[in-house]
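K.L.:
Structure in structure tokens, see below.
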Amino acid sequence: GQQVMQIPQYQHVQEGEDFTTYCNSSTTLSNIQWYKQRPGGHPVFLIQLVKSGEVKKQKRLTFQFGEAKKNSSLHITATQTTDVGTYFCAGLGSNDYKLSFGAGTTVTVRA
Amino acid sequence: EAQVTQNPRYLITVTGKKLTVTCSQNMNHEYMSWYRQDPGLGLRQIYYSMNVEVTDKGDVPEGYKVSRKEKRNFPLILESPSPNQTSLYFCASSLFGGTNQPQHFGDGTRLSIL
């Protein structure tokens, strides 16, 4: 099955700064989903990207799906303390029904 | 309220003592799955089920069993737990599998196997 790699594993950000987390798959994906897990909580669905080159925005969050549908990124602008948590990407394979999660990027924010 | 409910939330037990973690969803979802979360490894899928009586192995199925006799329930069974199964477990469901559906997660079950 496909493997989904996510970097960086940790991101320490000054409040107000921007950062990006990246997701790469070894195989072409049918779609990619992003989730956020607050400390002590469970993953919560943020967004899904389906089309090659797709870009979606949610307020300060910008999600991109690569042209080859093998990579994705999440960019957060003007980081706030509410952005603390772990962000996971999850790729759905083109040939199976398994959703493979990346290891996650854990974000901490310095006020 | 639409939700995925797992029980128990926490469990400390000993090696070899069979245990079951229950998972129930009230959203009439067809697809259900189990994940384990370990530091640095993210969420790894244990088993999934496309519908009633249809289950399949995920990436780390060894040492686990599941069943899907009813649409709403998807219990995870550890027949002979071992310390390497100490982890945080999540059950999730979605309307359909293999399509563009978000996963809805339960609150998690923290298992410690001594």
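For the structure tokens, the naming scheme is as follows: chains receive sequential letters (A, B, ...) according to their order of presentation, residues are indexed from 1 within each chain, and ligands are indexed from 1 in presentation order.
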Any idea which chain B residues end up within 6 Å of chain A if we count only C-alpha atoms, as a PyMOL selection string please?
P.N.:
chain B and resi 40-43+98+107
K.L.:
Could you tell me, as JSON, numbers by chain, which residues of region 27-86 of chain B DSSP assigns to strand (DSSP E or B) when given the backbone?
P.N.:
{"B": [31, 32, 33, 34, 35, 36, 37, 38, 42, 43, 44, 45, 46, 47, 48, 49, 50, 51, 54, 55, 56, 57, 65, 66, 73, 76, 77, 78]}
K.L.:
Kindly give the distance, in Å, that separates CA of Ala2 (chain B) and CA of Phe90 (chain B), rounded to a single decimal.
P.N.:
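Rounded to one decimal, the two atoms are 16.4 Å apart.
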K.L.:
What are the closest atom pairs, with distances in Å to one decimal, for all residues of region 3-50 of chain B lying within 9 Å of region 59-83 of chain B? Consider only C-alpha atoms, order rows by chain and residue number, and present the result as a Markdown table.
P.N.:
```
| residue | atom | partner | partner_atom | distance |
| --- | --- | --- | --- | --- |
| B:Thr13 | CA | B:Pro81 | CA | 8.6 |
| B:Val14 | CA | B:Pro81 | CA | 7.5 |
| B:Thr15 | CA | B:Ser82 | CA | 5.0 |
| B:Gly16 | CA | B:Ser80 | CA | 4.1 |
| B:Lys17 | CA | B:Ser80 | CA | 5.8 |
| B:Lys18 | CA | B:Glu79 | CA | 4.6 |
| B:Leu19 | CA | B:Leu78 | CA | 5.4 |
| B:Thr20 | CA | B:Ile77 | CA | 4.5 |
| B:Val21 | CA | B:Leu76 | CA | 5.1 |
| B:Thr22 | CA | B:Pro75 | CA | 4.4 |
| B:Cys23 | CA | B:Phe74 | CA | 5.3 |
| B:Ser24 | CA | B:Asn73 | CA | 4.5 |
| B:Gln25 | CA | B:Arg72 | CA | 5.1 |
| B:Asn26 | CA | B:Arg72 | CA | 6.4 |
| B:Met27 | CA | B:Arg72 | CA | 8.0 |
| B:Asn28 | CA | B:Arg72 | CA | 6.6 |
| B:His29 | CA | B:Lys71 | CA | 7.3 |
| B:Glu30 | CA | B:Lys71 | CA | 6.6 |
| B:Tyr31 | CA | B:Lys71 | CA | 8.7 |
| B:Met32 | CA | B:Phe74 | CA | 7.0 |
| B:Ser33 | CA | B:Phe74 | CA | 7.8 |
| B:Trp34 | CA | B:Leu76 | CA | 7.5 |
| B:Tyr35 | CA | B:Val60 | CA | 8.9 |
| B:Arg36 | CA | B:Val60 | CA | 8.8 |
| B:Arg44 | CA | B:Asp59 | CA | 6.5 |
| B:Gln45 | CA | B:Asp59 | CA | 5.4 |
| B:Ile46 | CA | B:Pro61 | CA | 4.7 |
| B:Tyr47 | CA | B:Pro61 | CA | 6.2 |
| B:Tyr48 | CA | B:Val66 | CA | 8.5 |
| B:Ser49 | CA | B:Arg68 | CA | 7.2 |
```
K.L.:
Generate the output file for the selected residues, N, CA, C and O atoms, as a tab-separated table (two decimals), in the first residue's frame.
P.N.:
```tsv
chain	number	residue	atom	x	y	z
B	13	THR	N	-4.50	-3.34	31.94
B	13	THR	CA	-4.71	-4.76	32.10
B	13	THR	C	-3.37	-5.49	32.00
B	13	THR	O	-2.32	-4.86	31.86
B	14	VAL	N	-3.44	-6.80	32.08
B	14	VAL	CA	-2.21	-7.60	32.08
B	14	VAL	C	-2.10	-8.43	30.81
B	14	VAL	O	-3.09	-8.72	30.13
B	15	THR	N	-0.90	-8.81	30.51
B	15	THR	CA	-0.60	-9.64	29.34
B	15	THR	C	-1.46	-10.90	29.34
B	15	THR	O	-1.58	-11.57	30.36
B	16	GLY	N	-2.06	-11.18	28.17
B	16	GLY	CA	-2.78	-12.43	28.01
B	16	GLY	C	-4.25	-12.40	28.37
B	16	GLY	O	-4.98	-13.35	28.07
B	17	LYS	N	-4.72	-11.35	28.99
B	17	LYS	CA	-6.12	-11.29	29.40
B	17	LYS	C	-6.97	-10.67	28.30
B	17	LYS	O	-6.88	-9.45	28.04
B	18	LYS	N	-7.80	-11.47	27.69
B	18	LYS	CA	-8.60	-11.01	26.55
B	18	LYS	C	-9.40	-9.76	26.88
B	18	LYS	O	-9.95	-9.63	27.97
B	19	LEU	N	-9.43	-8.83	25.93
B	19	LEU	CA	-10.23	-7.63	26.14
B	19	LEU	C	-10.90	-7.21	24.85
B	19	LEU	O	-10.45	-7.55	23.75
B	20	THR	N	-11.97	-6.48	25.00
B	20	THR	CA	-12.72	-5.95	23.86
B	20	THR	C	-12.95	-4.46	24.06
B	20	THR	O	-13.36	-4.04	25.14
B	21	VAL	N	-12.68	-3.70	23.02
B	21	VAL	CA	-13.00	-2.28	23.01
B	21	VAL	C	-14.19	-2.10	22.08
B	21	VAL	O	-14.13	-2.50	20.91
B	22	THR	N	-15.25	-1.54	22.60
B	22	THR	CA	-16.45	-1.39	21.78
B	22	THR	C	-16.43	-0.06	21.04
B	22	THR	O	-15.83	0.93	21.49
B	23	CYS	N	-17.08	-0.04	19.90
B	23	CYS	CA	-17.24	1.16	19.10
B	23	CYS	C	-18.63	1.15	18.49
B	23	CYS	O	-19.04	0.15	17.88
B	24	SER	N	-19.33	2.25	18.65
B	24	SER	CA	-20.67	2.36	18.12
B	24	SER	C	-20.86	3.73	17.48
B	24	SER	O	-20.41	4.73	18.03
B	25	GLN	N	-21.53	3.75	16.32
B	25	GLN	CA	-21.82	5.04	15.68
B	25	GLN	C	-23.32	5.12	15.39
B	25	GLN	O	-23.96	4.11	15.09
B	26	ASN	N	-23.84	6.34	15.48
B	26	ASN	CA	-25.29	6.54	15.31
B	26	ASN	C	-25.61	7.32	14.05
B	26	ASN	O	-26.66	7.97	13.94
B	27	MET	N	-24.71	7.27	13.07
B	27	MET	CA	-24.88	8.06	11.86
B	27	MET	C	-25.24	7.21	10.64
B	27	MET	O	-25.24	7.71	9.52
B	28	ASN	N	-25.49	5.93	10.86
B	28	ASN	CA	-25.82	5.01	9.77
B	28	ASN	C	-24.69	4.92	8.74
B	28	ASN	O	-24.93	4.74	7.54
B	29	HIS	N	-23.46	5.06	9.22
B	29	HIS	CA	-22.31	4.99	8.33
B	29	HIS	C	-22.03	3.55	7.93
B	29	HIS	O	-22.14	2.62	8.74
B	30	GLU	N	-21.61	3.37	6.68
B	30	GLU	CA	-21.27	2.03	6.21
B	30	GLU	C	-19.83	1.66	6.57
B	30	GLU	O	-19.53	0.52	6.86
B	31	TYR	N	-18.94	2.62	6.52
B	31	TYR	CA	-17.51	2.36	6.69
B	31	TYR	C	-17.09	2.64	8.13
B	31	TYR	O	-17.39	3.68	8.69
B	32	MET	N	-16.38	1.68	8.72
B	32	MET	CA	-15.82	1.87	10.04
B	32	MET	C	-14.41	1.32	10.06
B	32	MET	O	-14.05	0.42	9.30
B	33	SER	N	-13.58	1.89	10.94
B	33	SER	CA	-12.19	1.43	10.99
B	33	SER	C	-11.62	1.66	12.38
B	33	SER	O	-12.15	2.46	13.16
B	34	TRP	N	-10.53	0.96	12.64
B	34	TRP	CA	-9.79	1.12	13.88
B	34	TRP	C	-8.37	1.56	13.56
B	34	TRP	O	-7.73	1.05	12.62
B	35	TYR	N	-7.88	2.51	14.38
B	35	TYR	CA	-6.52	3.00	14.26
B	35	TYR	C	-5.84	2.91	15.62
B	35	TYR	O	-6.49	3.01	16.65
B	36	ARG	N	-4.53	2.80	15.58
B	36	ARG	CA	-3.76	3.00	16.79
B	36	ARG	C	-2.82	4.18	16.56
B	36	ARG	O	-2.32	4.39	15.44
B	44	ARG	N	-2.14	4.57	12.52
B	44	ARG	CA	-1.98	3.39	11.67
B	44	ARG	C	-3.25	2.56	11.73
B	44	ARG	O	-3.76	2.26	12.81
B	45	GLN	N	-3.72	2.19	10.55
B	45	GLN	CA	-4.99	1.48	10.48
B	45	GLN	C	-4.81	0.01	10.84
B	45	GLN	O	-3.92	-0.67	10.33
B	46	ILE	N	-5.68	-0.49	11.70
B	46	ILE	CA	-5.61	-1.87	12.15
B	46	ILE	C	-6.50	-2.75	11.28
B	46	ILE	O	-6.07	-3.72	10.67
B	47	TYR	N	-7.78	-2.43	11.26
B	47	TYR	CA	-8.77	-3.12	10.44
B	47	TYR	C	-9.79	-2.10	9.97
B	47	TYR	O	-9.97	-1.06	10.59
B	48	TYR	N	-10.46	-2.44	8.88
B	48	TYR	CA	-11.56	-1.61	8.45
B	48	TYR	C	-12.69	-2.49	7.95
B	48	TYR	O	-12.51	-3.67	7.67
B	49	SER	N	-13.85	-1.87	7.84
B	49	SER	CA	-15.04	-2.60	7.40
B	49	SER	C	-15.83	-1.73	6.44
B	49	SER	O	-16.21	-0.61	6.78
```
K.L.:
Go ahead and compute the interatomic distance for CA of Ser25 (chain A) and CA of Ala68 (chain A), in Å to one decimal.
P.N.:
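Straight-line distance from CA of Ser25 (chain A) to CA of Ala68 (chain A) works out to 10.3 Å.
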K.L.:
Quick one, how far is CA of Ile7 (chain A) from CA of Thr20 (chain A)?
P.N.:
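Answer for the CA of Ile7 (chain A) to CA of Thr20 (chain A) separation: 9.1 Å.
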K.L.:
Nearest to Lys69 (chain A): which of A:Gln3, A:Gln11, A:Ser52, A:Thr21 is it, counting only C-alpha atoms?
P.N.:
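Of the candidates, the smallest distance to Lys69 (chain A) is held by A:Ser52.
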K.L.:
Leaving out Val55 (chain A) and any residue of its chain fewer than 3 positions from it, which residues lie within 7 Å of it when counting only C-alpha atoms, given as a list in words?
P.N.:
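So the residues in contact are Phe63, Gln64 and Phe65 of chain A.
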